[in-house]
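Peer 1: The structure's right below; bear with me while I get my questions together.
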Amino acid sequence: MALLSSKTLIQAHALFTFILAVYLIASPSAITESDIIFIIGEAMQIDLDPAMTTAYYPLAICAILLSGEALTDLIIARKLPQIDDILSTVQHEQRRTEDTGFSRITLQKPKQSINALTIQLATLYNEIWTFIAGARFCFFFAVSLFIYTSGGKSSGLAWEDSDDAQMKLGLEQVKSRVVFTYAFVEMMFWLWTLSNVREERREVAARLAQQQAAENERNLKL
């Protein structure tokens, strides 16, 4: 079992993202001139983009997007059912149904439907976060690889009034220490989260198998 659950990691990440968004609005220089960005930028030989220290407007937009991401992650992590809650609810319903005095034949169909619903609900959390963590890891890996392979060097494009030149200029602005550091940290975090989610998925499958075996044993004794 992992030291920290995926739910704890996601909630901590959402809090960190929200704090980062606040700093991007209130004090952008605290982010753009931080030591970790300087160290990673020097290690990867990525040029310092002076526009990142003066262009507050793009940073404010990034702050809004990060706040929305943090809020979405918190809602998904808190609202999706957890395996402990699902199993306890199912066991409670089974005991309540058995106490009504119905025969074993009458209880057979409800138990099968409850078990099918249990499996769907128990795997819902893992399936959703496997997709989210995997997609974000691939995205930030692509961004980090793009900046690293380009060396973070600006090609010195001159201003041209064309769509192609504007697109190239936008890609050049991505090649900065701030973007690379954020993408690299996000990539490592979502890889960690993806590993935890996959491990928890195996634990869920094992617990569901144990519960099914216990139910079958009880049915045989009746």
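Labeling convention for the structure tokens: chains A, B, ... as they appear, residues from 1 per chain, ligands from 1 in order of appearance.
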Applying 7 Å and only C-alpha atoms, which residues near Tyr125 (chain A) remain after dropping the ones on its own chain fewer than 4 positions away? List them as a list in words.
Peer 2: Leu80, Pro81 and Trp129 of chain A
Peer 1: Can you write just those residues out, N, CA, C and O atoms, as a PDB file, in the first residue's frame?
Peer 2:
```pdb
ATOM      1  N   LEU A  80     -16.526  11.390  -5.950  1.00  0.00           N
ATOM      2  CA  LEU A  80     -16.500  10.004  -6.418  1.00  0.00           C
ATOM      3  C   LEU A  80     -16.510   9.051  -5.229  1.00  0.00           C
ATOM      4  O   LEU A  80     -15.821   9.276  -4.225  1.00  0.00           O
ATOM      5  N   PRO A  81     -17.288   7.961  -5.302  1.00  0.00           N
ATOM      6  CA  PRO A  81     -17.385   7.026  -4.168  1.00  0.00           C
ATOM      7  C   PRO A  81     -16.083   6.264  -3.946  1.00  0.00           C
ATOM      8  O   PRO A  81     -15.385   5.907  -4.890  1.00  0.00           O
ATOM      9  N   TRP A 129      -9.635   8.583 -12.621  1.00  0.00           N
ATOM     10  CA  TRP A 129      -8.348   9.199 -12.307  1.00  0.00           C
ATOM     11  C   TRP A 129      -7.202   8.558 -13.065  1.00  0.00           C
ATOM     12  O   TRP A 129      -6.164   9.201 -13.270  1.00  0.00           O
TER      13      TRP A 129
END
```
Peer 1: What's the 12 Å shell around Ala70 (chain A), counting only C-alpha atoms, without same-chain residues fewer than 2 positions away, as a compact mmCIF listing (two decimals) with all heavy atoms, in the first residue's frame?
Peer 2:
```txt
# COMPACT_ATOMS: atom_id res chain seq x y z
N ILE A 10 -4.11 14.16 -4.70
CA ILE A 10 -4.88 15.04 -5.57
C ILE A 10 -5.36 16.28 -4.80
O ILE A 10 -5.31 17.40 -5.30
CB ILE A 10 -6.07 14.27 -6.16
CG1 ILE A 10 -5.55 13.19 -7.12
CG2 ILE A 10 -7.03 15.22 -6.89
CD1 ILE A 10 -6.60 12.19 -7.51
N GLN A 11 -5.79 16.08 -3.56
CA GLN A 11 -6.23 17.22 -2.76
C GLN A 11 -5.06 18.15 -2.44
O GLN A 11 -5.21 19.38 -2.47
CB GLN A 11 -6.90 16.73 -1.47
CG GLN A 11 -8.24 16.04 -1.70
CD GLN A 11 -8.82 15.48 -0.43
OE1 GLN A 11 -8.11 15.21 0.54
NE2 GLN A 11 -10.13 15.28 -0.42
N ALA A 12 -3.88 17.57 -2.12
CA ALA A 12 -2.71 18.40 -1.86
C ALA A 12 -2.28 19.15 -3.12
O ALA A 12 -1.88 20.32 -3.06
CB ALA A 12 -1.56 17.53 -1.35
N HIS A 13 -2.39 18.49 -4.26
CA HIS A 13 -2.05 19.14 -5.53
C HIS A 13 -3.01 20.29 -5.83
O HIS A 13 -2.59 21.35 -6.32
CB HIS A 13 -2.08 18.12 -6.66
CG HIS A 13 -1.88 18.71 -8.02
ND1 HIS A 13 -2.93 19.08 -8.83
CD2 HIS A 13 -0.74 19.01 -8.71
CE1 HIS A 13 -2.46 19.59 -9.95
NE2 HIS A 13 -1.14 19.55 -9.92
N ALA A 14 -4.29 20.08 -5.55
CA ALA A 14 -5.27 21.15 -5.77
C ALA A 14 -4.98 22.36 -4.88
O ALA A 14 -5.08 23.51 -5.33
CB ALA A 14 -6.68 20.62 -5.51
N LEU A 15 -4.60 22.11 -3.63
CA LEU A 15 -4.25 23.21 -2.73
C LEU A 15 -3.00 23.94 -3.22
O LEU A 15 -2.96 25.18 -3.23
CB LEU A 15 -4.02 22.66 -1.32
CG LEU A 15 -3.59 23.68 -0.25
CD1 LEU A 15 -4.66 24.75 -0.07
CD2 LEU A 15 -3.31 22.97 1.08
N PHE A 16 -2.00 23.19 -3.65
CA PHE A 16 -0.79 23.80 -4.19
C PHE A 16 -1.09 24.62 -5.44
O PHE A 16 -0.56 25.74 -5.62
CB PHE A 16 0.25 22.71 -4.51
CG PHE A 16 1.41 23.20 -5.32
CD1 PHE A 16 2.43 23.92 -4.73
CD2 PHE A 16 1.47 22.95 -6.69
CE1 PHE A 16 3.51 24.38 -5.48
CE2 PHE A 16 2.53 23.40 -7.44
CZ PHE A 16 3.55 24.12 -6.84
N THR A 17 -1.94 24.09 -6.31
CA THR A 17 -2.30 24.80 -7.54
C THR A 17 -3.02 26.10 -7.23
O THR A 17 -2.78 27.13 -7.88
CB THR A 17 -3.17 23.90 -8.43
OG1 THR A 17 -2.47 22.68 -8.71
CG2 THR A 17 -3.49 24.60 -9.75
N PHE A 18 -3.91 26.05 -6.24
CA PHE A 18 -4.63 27.27 -5.87
C PHE A 18 -3.69 28.31 -5.29
O PHE A 18 -3.79 29.51 -5.61
CB PHE A 18 -5.73 26.93 -4.85
CG PHE A 18 -6.55 28.11 -4.44
CD1 PHE A 18 -7.53 28.63 -5.29
CD2 PHE A 18 -6.36 28.72 -3.20
CE1 PHE A 18 -8.29 29.73 -4.92
CE2 PHE A 18 -7.11 29.81 -2.83
CZ PHE A 18 -8.09 30.32 -3.68
N ILE A 19 -2.75 27.89 -4.45
CA ILE A 19 -1.76 28.83 -3.90
C ILE A 19 -0.90 29.42 -5.01
O ILE A 19 -0.59 30.63 -5.02
CB ILE A 19 -0.88 28.12 -2.85
CG1 ILE A 19 -1.72 27.72 -1.64
CG2 ILE A 19 0.28 29.02 -2.41
CD1 ILE A 19 -0.97 26.91 -0.60
N LEU A 20 -0.52 28.59 -5.98
CA LEU A 20 0.25 29.08 -7.12
C LEU A 20 -0.54 30.11 -7.91
O LEU A 20 0.02 31.13 -8.35
CB LEU A 20 0.63 27.89 -8.02
CG LEU A 20 1.41 28.22 -9.29
CD1 LEU A 20 2.76 28.85 -8.94
CD2 LEU A 20 1.61 26.96 -10.12
N ALA A 21 -1.84 29.87 -8.08
CA ALA A 21 -2.68 30.83 -8.81
C ALA A 21 -2.75 32.17 -8.08
O ALA A 21 -2.71 33.24 -8.71
CB ALA A 21 -4.08 30.25 -9.00
N VAL A 22 -2.82 32.12 -6.75
CA VAL A 22 -2.86 33.36 -5.97
C VAL A 22 -1.55 34.14 -6.15
O VAL A 22 -1.56 35.37 -6.33
CB VAL A 22 -3.11 33.05 -4.49
CG1 VAL A 22 -2.97 34.32 -3.64
CG2 VAL A 22 -4.51 32.46 -4.30
N ALA A 63 -3.52 32.00 -13.95
CA ALA A 63 -4.02 31.86 -12.58
C ALA A 63 -5.49 31.45 -12.56
O ALA A 63 -5.91 30.61 -11.77
CB ALA A 63 -3.82 33.17 -11.81
N ILE A 64 -6.28 32.04 -13.46
CA ILE A 64 -7.69 31.67 -13.54
C ILE A 64 -7.85 30.22 -13.97
O ILE A 64 -8.66 29.46 -13.42
CB ILE A 64 -8.43 32.62 -14.51
CG1 ILE A 64 -8.41 34.06 -13.96
CG2 ILE A 64 -9.87 32.16 -14.75
CD1 ILE A 64 -9.00 35.07 -14.92
N LEU A 65 -7.08 29.80 -14.96
CA LEU A 65 -7.15 28.42 -15.43
C LEU A 65 -6.70 27.44 -14.35
O LEU A 65 -7.31 26.37 -14.17
CB LEU A 65 -6.29 28.25 -16.69
CG LEU A 65 -6.73 29.04 -17.92
CD1 LEU A 65 -5.75 28.85 -19.06
CD2 LEU A 65 -8.13 28.63 -18.34
N LEU A 66 -5.66 27.79 -13.61
CA LEU A 66 -5.19 26.92 -12.53
C LEU A 66 -6.22 26.81 -11.41
O LEU A 66 -6.40 25.74 -10.83
CB LEU A 66 -3.86 27.44 -11.99
CG LEU A 66 -2.65 27.32 -12.91
CD1 LEU A 66 -1.43 27.95 -12.25
CD2 LEU A 66 -2.37 25.87 -13.25
N SER A 67 -6.88 27.92 -11.10
CA SER A 67 -7.94 27.88 -10.07
C SER A 67 -9.08 26.97 -10.50
O SER A 67 -9.61 26.20 -9.69
CB SER A 67 -8.46 29.29 -9.81
OG SER A 67 -7.43 30.14 -9.35
N GLY A 68 -9.46 27.04 -11.77
CA GLY A 68 -10.51 26.16 -12.27
C GLY A 68 -10.10 24.70 -12.23
O GLY A 68 -10.91 23.82 -11.87
N THR A 72 -11.97 21.82 -9.95
CA THR A 72 -12.49 20.62 -10.62
C THR A 72 -11.93 19.35 -9.99
O THR A 72 -12.66 18.40 -9.73
CB THR A 72 -12.15 20.66 -12.12
OG1 THR A 72 -12.70 21.84 -12.70
CG2 THR A 72 -12.71 19.45 -12.82
N ASP A 73 -10.63 19.35 -9.72
CA ASP A 73 -10.00 18.17 -9.11
C ASP A 73 -10.57 17.90 -7.72
O ASP A 73 -10.80 16.74 -7.35
CB ASP A 73 -8.49 18.35 -9.04
CG ASP A 73 -7.84 18.28 -10.40
OD1 ASP A 73 -8.54 17.92 -11.37
OD2 ASP A 73 -6.64 18.61 -10.51
N LEU A 74 -10.78 18.95 -6.95
CA LEU A 74 -11.34 18.77 -5.61
C LEU A 74 -12.75 18.19 -5.67
O LEU A 74 -13.09 17.29 -4.89
CB LEU A 74 -11.35 20.11 -4.86
CG LEU A 74 -10.04 20.56 -4.21
CD1 LEU A 74 -10.22 21.92 -3.56
CD2 LEU A 74 -9.57 19.55 -3.17
N ILE A 75 -13.56 18.69 -6.59
CA ILE A 75 -14.93 18.20 -6.69
C ILE A 75 -14.95 16.73 -7.11
O ILE A 75 -15.67 15.91 -6.53
CB ILE A 75 -15.73 19.06 -7.70
CG1 ILE A 75 -15.91 20.46 -7.14
CG2 ILE A 75 -17.08 18.42 -8.00
CD1 ILE A 75 -16.57 21.42 -8.11
N ILE A 76 -14.15 16.38 -8.10
CA ILE A 76 -14.12 14.99 -8.57
C ILE A 76 -13.60 14.05 -7.49
O ILE A 76 -14.15 12.97 -7.25
CB ILE A 76 -13.26 14.88 -9.84
CG1 ILE A 76 -13.88 15.68 -10.98
CG2 ILE A 76 -13.10 13.42 -10.26
CD1 ILE A 76 -13.05 15.70 -12.24
N ALA A 77 -12.52 14.47 -6.80
CA ALA A 77 -11.93 13.60 -5.79
C ALA A 77 -12.85 13.39 -4.59
O ALA A 77 -12.89 12.31 -4.01
CB ALA A 77 -10.59 14.18 -5.32
```
Peer 1: Do you know which residues are at most 12 Å from Ala206 (chain A) counting only C-alpha atoms, after dropping those on the same chain fewer than 5 positions away, and could you put them as a PyMOL selection string?
Peer 2: chain A and resi 83+119+122-123+199-201+211-213
Peer 1: Convert the current residue selection to file output with C-alpha atoms, as a JSON list (two decimals), in the first residue's frame.
Peer 2:
```
[["chain", "number", "residue", "atom", "x", "y", "z"],
["A", 83, "ILE", "CA", -14.29, 1.52, -1.91],
["A", 119, "ILE", "CA", -18.01, -3.38, -8.95],
["A", 122, "ALA", "CA", -15.73, 0.78, -6.85],
["A", 123, "THR", "CA", -13.84, 0.96, -10.15],
["A", 199, "GLU", "CA", -1.90, 0.13, -7.17],
["A", 200, "GLU", "CA", -5.19, 1.07, -5.51],
["A", 201, "ARG", "CA", -7.06, -0.50, -8.41],
["A", 211, "GLN", "CA", -16.08, -10.03, -0.42],
["A", 212, "GLN", "CA", -17.48, -12.19, -3.21],
["A", 213, "ALA", "CA", -15.80, -15.26, -1.74]]
```
